[in-house]
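Below is one structure, written out as structure tokens; the observations come after it.
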Amino acid sequence: MIASERSRLPANAEHVYSTMLAIHRHPHIPWDEAMSIGQLRSKLWLIDELASVVTDTGDCLVVAGWVGVLPFLMFRDRRLGVRRIVSIDIDPACETAAETLNRASVLDGWRFKAFTDDAMKVDYR
């Protein structure tokens, strides 16, 4: 997409496109579960709670990040001041799905990166 076309799009068009692209490229992912009302409510609750105690989150690690919905929402909430997010999940199918969903942040200097790993075996030091 050229810059002049991008400037005519609504502010959320890139996010809608990323969501559609993730669903299209990763049909094996249960997107109806990942983006169910209950899942979204719990993630929005977490963001509200985090925003009530932190105004500059900076770099974040999401453990058991699944398909990247929490980082997707965190990047869009300006109260958090998120710079970068790394997401870890044990399911290898989640890595590319999460990066597709968060493609705008991947393309923006790798502000988002998903990894496949066992969270119980990661050295967090």
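By order of appearance in the structure tokens: chains A, B, ..., then residues from 1 within every chain, and ligands from 1 in the order shown.
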Margin query: Set the distance at 7 Å and use only C-alpha atoms: which residues neighbour region 94-103 of chain A once local chain neighbours fewer than 5 positions away are removed? I'd like the list as a PyMOL selection string.
Written below: chain A and resi 18-19+21-22+26+66-68+72+89+112-116
Subject >> DSSP helix (DSSP H, G or I) selection over chain A, as number ranges by chain >> reply: A: 3-7, 13-25, 31-34, 37-53, 69-75, 92-101, 103-107
Applying 10 Å and only C-alpha atoms, which residues near Arg76 (chain A) remain after dropping the ones on its own chain fewer than 5 positions away? List them as a list of chain:residue names.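 Returned residues: A:Asn12, A:His15, A:Pro71, A:Gly81, A:Val82.
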Go ahead and save the picked residues with N, CA and C atoms, as an mmCIF file, in the first residue's frame.
```cif
data_model
loop_
_atom_site.group_PDB
_atom_site.id
_atom_site.type_symbol
_atom_site.label_atom_id
_atom_site.label_comp_id
_atom_site.auth_asym_id
_atom_site.auth_seq_id
_atom_site.Cartn_x
_atom_site.Cartn_y
_atom_site.Cartn_z
ATOM 1 N N ASN A 12 -7.966 2.861 12.480
ATOM 2 C CA ASN A 12 -7.905 1.455 12.885
ATOM 3 C C ASN A 12 -7.831 0.480 11.710
ATOM 4 N N HIS A 15 -5.188 -2.270 11.884
ATOM 5 C CA HIS A 15 -5.483 -3.290 12.890
ATOM 6 C C HIS A 15 -6.547 -4.262 12.381
ATOM 7 N N PRO A 71 -1.072 -8.698 23.684
ATOM 8 C CA PRO A 71 -0.191 -7.649 23.153
ATOM 9 C C PRO A 71 -0.875 -6.753 22.124
ATOM 10 N N GLY A 81 1.977 3.010 27.747
ATOM 11 C CA GLY A 81 3.311 3.415 27.305
ATOM 12 C C GLY A 81 4.192 2.224 26.948
ATOM 13 N N VAL A 82 3.633 1.262 26.239
ATOM 14 C CA VAL A 82 4.388 0.053 25.869
ATOM 15 C C VAL A 82 5.390 0.376 24.766
#
```
Please provide the set of residues having any atom within 12 Å of Leu40 (chain A), restricted to only C-alpha atoms, with same-chain residues fewer than 3 positions apart removed, written as a count of residues only. 19
Exercise. Pick out each residue of chain A that DSSP on the backbone tags as strand (DSSP E); I need them as a PyMOL selection string.
Key: chain A and resi 58-63+82-89+112-116
Using only C-alpha atoms, which of A:Arg41, A:His28, A:Arg83, A:Arg125 sits nearest Thr55 (chain A)?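 Of the candidates, the smallest distance to Thr55 (chain A) is held by A:Arg83.
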